[in-house]
file query-v3.cif (mmCIF, C-alpha atoms)
data_my_file
loop_
_atom_site.label_atom_id
_atom_site.label_comp_id
_atom_site.auth_asym_id
_atom_site.auth_seq_id
_atom_site.Cartn_x
_atom_site.Cartn_y
_atom_site.Cartn_z
CA MET A 1 106.86 104.01 110.97
CA THR A 2 110.20 102.93 109.51
CA ARG A 3 113.08 102.03 111.81
CA SER A 4 115.23 104.76 110.23
CA LEU A 5 112.92 107.44 111.64
CA ILE A 6 113.05 106.21 115.22
CA PRO A 7 116.48 107.73 116.12
CA TRP A 8 115.42 111.12 114.75
CA ILE A 9 112.16 111.05 116.69
CA ILE A 10 114.07 110.22 119.87
CA LEU A 11 116.50 113.06 119.13
CA ALA A 12 113.65 115.53 118.58
CA LEU A 13 111.98 114.46 121.84
CA THR A 14 115.29 114.78 123.69
CA LEU A 15 115.88 118.32 122.39
CA ALA A 16 112.30 119.29 123.30
CA MET A 17 112.82 117.89 126.80
CA ASP A 18 116.12 119.81 127.03
CA TYR A 19 114.44 123.10 126.28
CA TYR A 20 111.61 122.46 128.73
CA GLY A 21 113.90 121.07 131.43
CA PHE A 22 116.19 124.08 131.16
CA THR A 23 113.43 126.19 132.70
CA ALA A 24 113.97 124.25 135.94
CA VAL A 25 117.74 124.86 135.86
CA ARG A 26 117.22 128.56 135.19
CA SER A 27 114.67 128.82 138.01
CA ALA A 28 116.73 126.82 140.53
CA PHE A 29 119.81 129.02 139.99
CA GLN A 30 117.91 132.28 139.65
CA ASN A 31 119.34 133.75 142.85
CA SER A 32 122.81 132.19 142.55
CA ASN A 33 125.91 134.13 141.62
CA ILE A 34 126.84 134.40 137.96
CA LYS A 35 129.68 131.86 138.18
CA ALA A 36 127.51 129.16 139.74
CA ARG A 37 124.74 129.86 137.26
CA ASN A 38 127.08 129.62 134.28
CA VAL A 39 128.57 126.35 135.53
CA ALA A 40 125.07 124.86 135.91
CA PHE A 41 124.08 126.01 132.42
CA VAL A 42 127.27 124.60 130.84
CA LEU A 43 126.84 121.24 132.59
CA TYR A 44 123.20 121.01 131.55
CA TRP A 45 123.83 121.76 127.88
CA SER A 46 126.90 119.50 127.88
CA PHE A 47 124.51 116.57 128.26
CA THR A 48 122.63 117.84 125.21
CA ALA A 49 125.91 118.04 123.29
CA PHE A 50 126.62 114.44 124.30
CA VAL A 51 123.27 113.36 122.84
CA LEU A 52 124.00 115.11 119.55
CA ILE A 53 127.48 113.57 119.33
CA TYR A 54 126.08 110.13 120.19
CA PHE A 55 123.52 110.28 117.39
CA ILE A 56 126.00 111.51 114.81
CA LEU A 57 128.52 108.79 115.69
CA ALA A 58 125.78 106.14 115.87
CA ILE A 59 124.71 106.97 112.32
CA ILE A 60 128.24 107.21 110.91
CA PHE A 61 129.63 104.08 112.58
CA ASN A 62 126.39 102.10 112.83
CA PHE A 63 126.55 101.23 116.54
CA ARG A 64 123.86 98.58 116.08
CA GLU A 65 126.08 96.42 113.88
CA ASN A 66 129.51 97.56 115.10
CA SER A 67 129.22 97.42 118.86
CA THR A 68 132.31 98.01 121.03
CA SER A 69 132.82 98.58 124.73
CA VAL A 70 133.01 102.35 124.04
CA THR A 71 129.78 102.43 122.01
CA ARG A 72 128.02 100.31 124.61
CA PHE A 73 129.08 102.72 127.36
CA MET A 74 127.88 105.66 125.28
CA THR A 75 124.55 103.92 124.74
CA GLY A 76 124.15 103.32 128.46
CA ALA A 77 125.08 106.89 129.33
CA PHE A 78 122.67 108.22 126.70
CA MET A 79 119.83 106.12 128.11
CA GLY A 80 120.61 107.32 131.63
CA ILE A 81 120.53 110.95 130.47
CA PHE A 82 117.33 110.39 128.49
CA VAL A 83 115.47 108.78 131.40
CA SER A 84 116.69 111.43 133.85
CA LYS A 85 115.46 114.25 131.64
CA LEU A 86 112.20 112.38 131.09
CA PHE A 87 111.71 112.30 134.87
CA LEU A 88 112.56 116.02 135.12
CA VAL A 89 110.07 116.93 132.40
CA LEU A 90 107.39 114.80 134.07
CA PHE A 91 107.93 116.58 137.40
CA LEU A 92 107.82 119.99 135.71
CA PHE A 93 104.71 119.12 133.74
CA LEU A 94 102.84 118.00 136.86
CA GLU A 95 103.93 121.15 138.68
CA ASP A 96 102.83 123.35 135.77
CA ILE A 97 99.44 121.64 135.70
CA SER A 98 99.13 122.26 139.44
CA ARG A 99 100.07 125.92 139.02
CA LEU A 100 97.61 126.33 136.14
CA ILE A 101 94.79 124.92 138.25
CA SER A 102 95.75 127.24 141.13
CA VAL A 103 95.86 130.26 138.83
CA ILE A 104 92.44 129.48 137.40
CA TYR A 105 91.01 128.90 140.88
CA ASN A 106 92.47 132.13 142.24
CA TYR A 107 91.32 134.12 139.24
CA LEU A 108 87.76 132.81 139.07
CA ILE A 109 86.95 131.93 142.66
CA LYS A 110 89.34 133.47 145.15
CA PRO A 111 91.39 136.38 143.81
CA THR A 112 94.78 136.71 145.49
CA ASN A 113 98.13 138.34 144.99
CA GLU A 114 100.10 135.23 146.04
CA LEU A 115 103.43 134.86 144.29
CA TYR A 116 104.67 131.46 143.09
CA THR A 117 108.26 132.36 142.30
CA SER A 118 109.83 131.17 145.55
CA ARG A 119 107.85 127.94 145.61
CA ARG A 120 108.72 127.22 141.98
CA GLN A 121 112.40 127.86 142.64
CA PHE A 122 112.37 125.48 145.62
CA LEU A 123 110.51 122.76 143.72
CA ASP A 124 112.78 123.07 140.69
CA SER A 125 115.79 122.49 142.93
CA ILE A 126 114.13 119.35 144.33
CA PHE A 127 113.18 118.16 140.83
CA LEU A 128 116.74 118.54 139.56
CA GLY A 129 118.04 116.43 142.43
CA LEU A 130 115.43 113.71 141.91
CA ALA A 131 116.00 113.66 138.14
CA GLY A 132 119.67 112.91 138.71
CA LEU A 133 118.89 109.65 140.52
CA PRO A 134 117.96 107.66 137.38
CA PHE A 135 121.24 108.66 135.74
CA LEU A 136 123.21 107.40 138.74
CA ALA A 137 121.13 104.20 138.74
CA PHE A 138 121.88 103.59 135.06
CA ILE A 139 125.61 104.12 135.59
CA ASN A 140 125.56 101.72 138.56
CA GLY A 141 123.63 99.25 136.40
CA MET A 142 126.47 99.23 133.87
CA VAL A 143 129.38 99.18 136.29
CA LYS A 144 128.06 96.78 138.95
CA THR A 145 124.71 95.11 138.29
CA ALA A 146 125.39 93.96 134.72
CA HIS A 147 127.34 90.95 136.03
CA ASP A 148 125.70 90.63 139.43
CA TYR A 149 124.21 87.21 138.70
CA GLN A 150 121.28 86.16 140.84
CA PHE A 151 120.42 82.52 141.51
CA TRP A 152 116.69 81.85 141.48
CA ARG A 153 115.91 78.53 143.15
CA VAL A 154 112.38 77.45 142.28
CA ASP A 155 110.52 74.20 142.97
CA ILE A 156 108.28 73.05 140.12
CA PRO A 157 105.40 70.86 141.39
CA ILE A 158 104.54 68.22 138.77
CA LYS A 159 101.39 66.14 139.03
CA ASN A 160 102.06 62.37 138.98
CA LEU A 161 105.81 62.90 138.87
CA PRO A 162 107.59 59.52 138.94
CA VAL A 163 109.72 58.92 142.01
CA ALA A 164 112.85 58.56 139.87
CA LEU A 165 112.42 62.14 138.61
CA GLU A 166 111.71 63.71 141.98
CA GLY A 167 114.41 66.24 142.84
CA LEU A 168 115.67 66.46 139.24
CA LYS A 169 117.65 69.68 139.00
CA ILE A 170 117.55 71.79 135.84
CA VAL A 171 119.81 74.82 135.42
CA GLN A 172 118.56 77.34 132.87
CA LEU A 173 120.38 80.22 131.20
CA SER A 174 118.76 82.42 128.59
CA ASP A 175 119.60 85.41 126.41
CA ILE A 176 123.37 85.47 126.59
CA HIS A 177 123.59 88.12 123.84
CA ALA A 178 127.33 87.56 123.45
CA GLY A 179 127.82 90.69 121.35
CA SER A 180 127.17 92.83 124.42
CA PHE A 181 130.04 91.39 126.49
CA SER A 182 133.64 92.57 126.59
CA ASP A 183 135.03 90.88 129.71
CA LEU A 184 135.61 87.14 130.02
CA GLU A 185 136.22 86.98 133.76
CA PRO A 186 132.64 87.48 135.04
CA LEU A 187 131.46 84.84 132.56
CA LYS A 188 134.08 82.33 133.69
CA LEU A 189 133.01 82.87 137.30
CA ALA A 190 129.35 82.36 136.34
CA VAL A 191 130.16 79.08 134.56
CA GLU A 192 132.07 77.88 137.62
CA LYS A 193 129.01 78.64 139.76
CA VAL A 194 126.76 76.74 137.35
CA ASN A 195 128.98 73.67 137.51
CA ALA A 196 129.17 73.90 141.30
CA ILE A 197 125.40 73.33 141.37
CA ASN A 198 125.93 69.90 139.73
CA PRO A 199 122.88 70.17 137.46
CA ASP A 200 121.15 67.07 136.17
CA ILE A 201 120.16 68.90 133.00
CA PHE A 202 121.40 72.21 131.59
CA VAL A 203 119.25 74.21 129.16
CA PHE A 204 119.82 77.42 127.24
CA THR A 205 116.64 79.04 125.92
CA GLY A 206 117.81 81.21 123.04
CA ASP A 207 119.43 84.47 121.89
CA LEU A 208 123.05 83.39 121.86
CA VAL A 209 124.04 86.59 120.04
CA ASN A 210 122.71 90.02 119.16
CA ASN A 211 123.06 89.62 115.41
CA LYS A 212 126.20 87.82 114.20
CA ALA A 213 127.69 84.41 114.97
CA SER A 214 131.15 85.98 115.28
CA GLU A 215 130.02 87.72 118.48
CA PHE A 216 130.17 84.38 120.27
CA THR A 217 133.65 83.39 119.05
CA PRO A 218 135.59 84.83 122.04
CA PHE A 219 133.24 83.14 124.52
CA LEU A 220 132.92 79.64 123.08
CA ASP A 221 135.70 78.22 125.24
CA VAL A 222 134.04 79.68 128.34
CA PHE A 223 130.56 78.24 127.89
CA LYS A 224 131.72 74.85 126.57
CA HIS A 225 132.84 74.02 130.12
CA ILE A 226 129.23 73.85 131.36
CA LYS A 227 128.46 70.22 132.23
CA ALA A 228 125.29 68.44 133.36
CA LYS A 229 124.71 64.80 134.28
CA TYR A 230 122.17 64.05 131.54
CA GLY A 231 123.36 66.59 129.00
CA GLN A 232 123.27 70.19 127.84
CA PHE A 233 120.48 71.34 125.51
CA SER A 234 119.65 74.58 123.71
CA ILE A 235 117.29 76.33 121.32
CA LEU A 236 117.29 79.43 119.11
CA GLY A 237 115.89 82.87 119.94
CA ASN A 238 114.68 85.68 117.71
CA HIS A 239 118.09 87.40 117.62
CA ASP A 240 119.82 84.26 116.35
CA TYR A 241 118.32 84.56 112.86
CA GLY A 242 120.17 87.77 111.93
CA ASP A 243 116.94 89.58 111.12
CA TYR A 244 117.87 92.94 112.66
CA ILE A 245 120.79 94.00 110.45
CA GLN A 246 121.46 94.35 106.74
CA TRP A 247 123.39 91.51 105.05
CA PRO A 248 125.38 91.79 101.80
CA SER A 249 123.36 88.88 100.41
CA PRO A 250 120.84 86.24 101.49
CA GLN A 251 123.66 83.72 101.31
CA ASP A 252 125.68 85.65 103.90
CA LYS A 253 122.70 85.65 106.24
CA GLU A 254 122.18 81.91 105.77
CA GLU A 255 125.88 81.19 106.38
CA ASN A 256 125.70 83.21 109.60
CA PHE A 257 122.67 81.21 110.72
CA SER A 258 124.48 77.94 109.99
CA MET A 259 127.44 79.15 112.04
CA ILE A 260 125.14 80.02 114.94
CA LYS A 261 123.91 76.42 115.04
CA LYS A 262 127.46 75.11 114.68
CA TYR A 263 128.54 77.17 117.70
CA HIS A 264 125.79 75.56 119.77
CA ARG A 265 127.19 72.14 118.86
CA ASP A 266 130.81 73.27 119.39
CA THR A 267 129.79 74.39 122.89
CA ASN A 268 128.62 70.82 123.52
CA TRP A 269 124.99 71.92 123.56
CA ASP A 270 122.51 69.66 121.82
CA ILE A 271 120.52 72.22 119.82
CA LEU A 272 116.87 71.32 119.34
CA CYS A 273 115.31 72.77 116.18
CA ASN A 274 111.67 71.68 116.25
CA GLU A 275 112.62 68.29 117.64
CA HIS A 276 112.84 66.41 120.90
CA ARG A 277 115.12 64.21 122.95
CA VAL A 278 114.08 61.39 125.26
CA ILE A 279 116.19 61.24 128.40
CA GLU A 280 116.27 58.01 130.39
CA ILE A 281 116.64 58.48 134.13
CA GLY A 282 116.58 55.22 136.07
CA ASP A 283 113.55 53.32 134.82
CA GLU A 284 111.73 56.48 133.74
CA LYS A 285 111.77 58.66 130.64
CA LEU A 286 111.54 62.41 130.26
CA ALA A 287 110.88 64.15 126.95
CA LEU A 288 112.71 67.40 126.33
CA ILE A 289 111.15 69.34 123.46
CA GLY A 290 112.81 72.26 121.70
CA VAL A 291 111.19 74.61 119.20
CA GLU A 292 112.67 77.41 117.15
CA ASN A 293 111.49 80.94 117.87
CA TRP A 294 107.74 81.49 117.86
CA GLY A 295 106.39 84.84 119.04
CA ALA A 296 102.77 85.92 119.35
CA LYS A 297 103.88 89.48 118.60
CA MET A 298 103.66 90.02 114.86
CA HIS A 299 107.14 91.46 114.39
CA PHE A 300 108.90 88.43 115.85
CA THR A 301 109.74 85.52 113.59
CA ARG A 302 107.67 82.34 113.76
CA GLN A 303 109.95 79.46 112.86
CA GLY A 304 108.78 77.16 115.64
CA ASP A 305 106.79 74.03 114.77
CA LEU A 306 105.37 72.66 118.01
CA LYS A 307 103.43 69.82 116.38
CA LYS A 308 106.53 68.57 114.59
CA ALA A 309 108.66 68.76 117.73
CA TYR A 310 106.00 66.94 119.77
CA ARG A 311 105.34 64.12 117.32
CA GLY A 312 106.41 60.70 118.66
CA ILE A 313 106.46 61.39 122.39
CA GLU A 314 102.74 61.22 123.09
CA ASN A 315 103.13 58.31 125.52
CA ILE A 316 106.02 59.72 127.56
CA PRO A 317 104.46 60.97 130.83
CA ILE A 318 106.75 63.90 131.65
CA LYS A 319 107.38 66.58 129.02
CA ILE A 320 109.39 69.78 129.24
CA LEU A 321 109.33 72.35 126.43
CA LEU A 322 112.01 74.90 125.57
CA SER A 323 110.48 77.89 123.75
CA HIS A 324 112.27 81.23 123.73
CA ASP A 325 109.29 83.61 123.67
CA PRO A 326 106.87 83.29 126.65
CA SER A 327 103.95 84.56 124.55
CA HIS A 328 104.04 81.15 122.83
CA TRP A 329 102.64 79.54 126.00
CA ASP A 330 99.22 81.20 125.90
CA ALA A 331 99.06 81.39 122.12
CA GLU A 332 99.79 77.73 121.30
CA VAL A 333 101.39 75.56 123.95
CA ARG A 334 98.57 75.27 126.46
CA GLU A 335 96.00 74.44 123.80
CA LEU A 336 98.01 72.20 121.45
CA THR A 337 100.03 70.33 124.08
CA PRO A 338 98.11 70.33 127.38
CA ASP A 339 100.27 67.45 128.65
CA VAL A 340 103.46 69.54 128.55
CA GLN A 341 103.90 70.14 132.26
CA LEU A 342 106.70 72.73 132.09
CA THR A 343 107.71 75.33 129.51
CA LEU A 344 110.98 77.24 129.87
CA SER A 345 111.35 80.63 128.19
CA GLY A 346 113.35 83.86 128.30
CA HIS A 347 113.25 86.76 125.84
CA THR A 348 111.89 89.57 128.06
CA HIS A 349 115.04 90.25 130.18
CA GLY A 350 112.58 91.79 132.64
CA MET A 351 113.36 94.74 130.34
CA GLN A 352 116.61 95.02 132.37
CA PHE A 353 114.80 97.68 134.37
CA GLY A 354 112.29 97.50 137.20
CA VAL A 355 111.65 96.79 140.85
CA GLU A 356 111.48 93.26 142.20
CA ASN A 357 111.31 92.21 145.82
CA LYS A 358 109.08 90.05 148.02
CA TRP A 359 106.51 92.84 148.37
CA PHE A 360 106.38 94.38 144.92
CA ARG A 361 107.20 93.59 141.30
CA PHE A 362 107.17 96.01 138.40
CA SER A 363 108.82 96.36 135.03
CA PRO A 364 107.57 98.25 131.96
CA VAL A 365 107.81 94.98 130.04
CA GLN A 366 104.66 93.78 131.81
CA TRP A 367 102.68 96.20 129.62
CA PHE A 368 103.68 94.03 126.65
CA TYR A 369 104.03 90.53 128.13
CA LYS A 370 101.57 88.92 130.49
CA GLN A 371 104.28 86.52 131.68
CA TRP A 372 107.57 88.37 131.98
CA ALA A 373 109.64 86.89 134.85
CA GLY A 374 109.46 83.90 137.18
CA LEU A 375 106.95 81.06 137.53
CA TYR A 376 103.39 81.07 136.18
CA THR A 377 100.86 78.26 136.61
CA GLU A 378 97.59 77.41 134.89
CA SER A 379 95.91 74.15 135.95
CA ASP A 380 98.67 71.52 135.80
CA GLN A 381 100.92 73.45 133.43
CA HIS A 382 103.81 75.71 134.40
CA LEU A 383 105.77 78.40 132.57
CA TYR A 384 109.08 79.70 133.85
CA VAL A 385 110.39 82.93 132.31
CA ASN A 386 114.11 83.51 132.84
CA ARG A 387 115.22 87.13 133.35
CA GLY A 388 118.18 86.61 131.03
CA PHE A 389 121.91 86.19 131.49
CA GLY A 390 123.12 89.05 129.30
CA PHE A 391 121.78 92.33 128.05
CA ILE A 392 121.17 94.24 124.83
CA GLY A 393 120.67 97.92 124.04
CA TYR A 394 121.34 99.28 127.49
CA PRO A 395 124.55 97.52 128.64
CA GLY A 396 123.46 96.91 132.21
CA ARG A 397 120.66 96.16 134.65
CA VAL A 398 118.64 98.42 136.93
CA GLY A 399 116.58 96.55 139.51
CA ILE A 400 116.28 93.34 137.44
CA ARG A 401 119.48 91.37 137.89
CA PRO A 402 120.82 88.79 135.40
CA GLU A 403 119.61 85.29 136.26
CA ILE A 404 120.82 81.75 136.67
CA ALA A 405 117.71 79.62 137.33
CA ILE A 406 117.85 76.41 139.36
CA LEU A 407 114.58 74.55 138.82
CA THR A 408 113.84 71.43 140.85
CA LEU A 409 111.06 69.01 139.94
CA THR A 410 108.92 68.06 142.92
CA ARG A 411 105.77 66.01 143.35
CA ALA A 412 102.56 68.05 143.41
#
call {"tool": "encode", "arguments": {"input": "query-v3.cif", "output": "structure tokens"}}
result
Amino acid sequence: MTRSLIPWIILALTLAMDYYGFTAVRSAFQNSNIKARNVAFVLYWSFTAFVLIYFILAIIFNFRENSTSVTRFMTGAFMGIFVSKLFLVLFLFLEDISRLISVIYNYLIKPTNELYTSRRQFLDSIFLGLAGLPFLAFINGMVKTAHDYQFWRVDIPIKNLPVALEGLKIVQLSDIHAGSFSDLEPLKLAVEKVNAINPDIFVFTGDLVNNKASEFTPFLDVFKHIKAKYGQFSILGNHDYGDYIQWPSPQDKEENFSMIKKYHRDTNWDILCNEHRVIEIGDEKLALIGVENWGAKMHFTRQGDLKKAYRGIENIPIKILLSHDPSHWDAEVRELTPDVQLTLSGHTHGMQFGVENKWFRFSPVQWFYKQWAGLYTESDQHLYVNRGFGFIGYPGRVGIRPEIAILTLTRA
């Protein structure tokens, strides 16, 4: 399936859902006066009109490559409408299945003259109310939660950790996606909070932009103020290669990629492209390894060279790897470098949608990624997956807040 067909498929599904969902509106307002019924019908189909306008404008102005605060809001509103109608259709479908079973039962086993009209009208009213909740959640996710940064403080138990490295504090950001931001102030506040932690090491684990280096230009002076005692380090993510838009020429794409790497350096981040750095802390040494993007999923670029990045640090006891895509851990890292005690990743964003509390965790992204948020441990190796600092596609967060990770090395 080509990418150009995807918007039209989504549009067709949306229109089909509109037609099916309208049966609930018609049923719920069946006994209302004409004015109330007409208002409900106009409001319902106004959302459909919004979808049509969104798609036309998205095609004409290419929202993917020419993102603005207006287009991002429209994208978020569209997604809220789409999910709400999806919920409505699901409710209706389950109710119709229930009614069908009842009709068959009553016809074949227990004939009855029971009428379902009043029950259907009541349920449709309930369904309409419930279907509106996702839309409100998506709007709240754009207005409030998008910049509601959450600090995750996690202890990482390392076997045979030298005393000099005990309590070492690493602050991790991931997936800034600068092209999705329009306001500097929340970012300045976040940087101030990072510096207030007084990190020993700062790491950024990829996806500086959505597509173009120029997206980061307004924010360079914000992020260059991040400071850590032993340095700031970074790697590339899949979005940093410019693979998801059309370029006038291969040279333009390569120049953009060079500018991406330059912006890392201009931000005072030591970008690691399949290489390592040895950090001396007291009388001990720590190896920080950084690979370019390597994803186990076939459609993500594989530029990472773990063997090359690892070469020369075999005898350093403590090793930390920066690798953007968490699928790299199971696919290569654990087998090729079993002495890498900690891998830091991002990429998933927790899908920017889900439920996460001390009793329950769920996000649709877990259907695609075994490790999608937080700390995972196998034997003496750890993987930490950051939930991401920014956002892409939907310009907000529902249930999965943006993250600033504070990781402390402890003795196992």
call {"tool": "residues_around", "arguments": {"input": "query-v3.cif", "residues": "A:Asp18", "least_positions_apart": "4", "cutoff": "10 Å", "atoms": "all atoms listed in the file", "output": "list of chain:residue names"}}
result
A:Ala12, A:Leu13, A:Thr14, A:Phe22, A:Thr23, A:Tyr44, A:Trp45, A:Phe47, A:Thr48, A:Phe82, A:Lys85, A:Leu86, A:Leu88, A:Val89
call {"tool": "write_last_selection", "arguments": {"input": "query-v3.cif", "atoms": "C-alpha atoms", "output": "compact mmCIF listing (two decimals), in the coordinates of the input"}}
result
# COMPACT_ATOMS: atom_id res chain seq x y z
CA ALA A 12 113.65 115.53 118.58
CA LEU A 13 111.98 114.46 121.84
CA THR A 14 115.29 114.78 123.69
CA PHE A 22 116.19 124.08 131.16
CA THR A 23 113.43 126.19 132.70
CA TYR A 44 123.20 121.01 131.55
CA TRP A 45 123.83 121.76 127.88
CA PHE A 47 124.51 116.57 128.26
CA THR A 48 122.63 117.84 125.21
CA PHE A 82 117.33 110.39 128.49
CA LYS A 85 115.46 114.25 131.64
CA LEU A 86 112.20 112.38 131.09
CA LEU A 88 112.56 116.02 135.12
CA VAL A 89 110.07 116.93 132.40
call {"tool": "resolve_selection", "arguments": {"input": "query-v3.cif", "expression": "the PyMOL selection byres ((chain A and resi 256) around 10)", "output": "PyMOL selection string"}}
result
chain A and resi 211-214+240-242+247+250-255+257-262
call {"tool": "resolve_selection", "arguments": {"input": "query-v3.cif", "expression": "the PyMOL selection byres ((chain A and resi 210) around 12)", "output": "NGL selection string"}}
result
:A and (64-67 or 175-181 or 206-209 or 211-216 or 236-245 or 260 or 390-393)
call {"tool": "closest_residue", "arguments": {"input": "query-v3.cif", "among": "A:Asn198, A:Leu409, A:Ile235, A:Lys35", "to": "A:Ala164", "atoms": "all atoms listed in the file"}}
result
A:Leu409
call {"tool": "residues_around", "arguments": {"input": "query-v3.cif", "residues": "A:Pro317", "least_positions_apart": "3", "cutoff": "9 Å", "atoms": "only C-alpha atoms", "output": "MDAnalysis selection string"}}
result
chainID A and resid 160:162 285:287 313:314 339:340
call {"tool": "resolve_selection", "arguments": {"input": "query-v3.cif", "expression": "the PyMOL selection byres ((chain A and resi 272-275) around 12)", "output": "ChimeraX atom specification"}}
result
/A:203-206,232-237,261,264-265,269-271,276-278,287-294,302-313,321-324
call {"tool": "residues_around", "arguments": {"input": "query-v3.cif", "residues": "A:Phe223", "least_positions_apart": "2", "cutoff": "10 Å", "atoms": "only C-alpha atoms", "output": "list in words"}}
result
Leu187, Lys188, Ala190, Val191, Glu192, Phe216, Phe219, Leu220, Asp221, His225, Ile226, Lys227, His264, Asp266, Thr267, Asn268 and Trp269 of chain A
call {"tool": "write_last_selection", "arguments": {"input": "query-v3.cif", "atoms": "C-alpha atoms", "output": "mmCIF file, in the coordinates of the input"}}
result
data_model
loop_
_atom_site.group_PDB
_atom_site.id
_atom_site.type_symbol
_atom_site.label_atom_id
_atom_site.label_comp_id
_atom_site.auth_asym_id
_atom_site.auth_seq_id
_atom_site.Cartn_x
_atom_site.Cartn_y
_atom_site.Cartn_z
ATOM 1 C CA LEU A 187 131.460 84.840 132.560
ATOM 2 C CA LYS A 188 134.080 82.330 133.690
ATOM 3 C CA ALA A 190 129.350 82.360 136.340
ATOM 4 C CA VAL A 191 130.160 79.080 134.560
ATOM 5 C CA GLU A 192 132.070 77.880 137.620
ATOM 6 C CA PHE A 216 130.170 84.380 120.270
ATOM 7 C CA PHE A 219 133.240 83.140 124.520
ATOM 8 C CA LEU A 220 132.920 79.640 123.080
ATOM 9 C CA ASP A 221 135.700 78.220 125.240
ATOM 10 C CA HIS A 225 132.840 74.020 130.120
ATOM 11 C CA ILE A 226 129.230 73.850 131.360
ATOM 12 C CA LYS A 227 128.460 70.220 132.230
ATOM 13 C CA HIS A 264 125.790 75.560 119.770
ATOM 14 C CA ASP A 266 130.810 73.270 119.390
ATOM 15 C CA THR A 267 129.790 74.390 122.890
ATOM 16 C CA ASN A 268 128.620 70.820 123.520
ATOM 17 C CA TRP A 269 124.990 71.920 123.560
#
call {"tool": "residues_around", "arguments": {"input": "query-v3.cif", "residues": "A:Arg401", "least_positions_apart": "3", "cutoff": "9 Å", "atoms": "all atoms listed in the file", "output": "list in words"}}
result
Thr145, Ala146, His147, Asp148, Tyr149, Gln150, His349, Gly350, Gln352, Phe353, Arg387, Gly388, Phe389, Gly396, Arg397 and Val398 of chain A
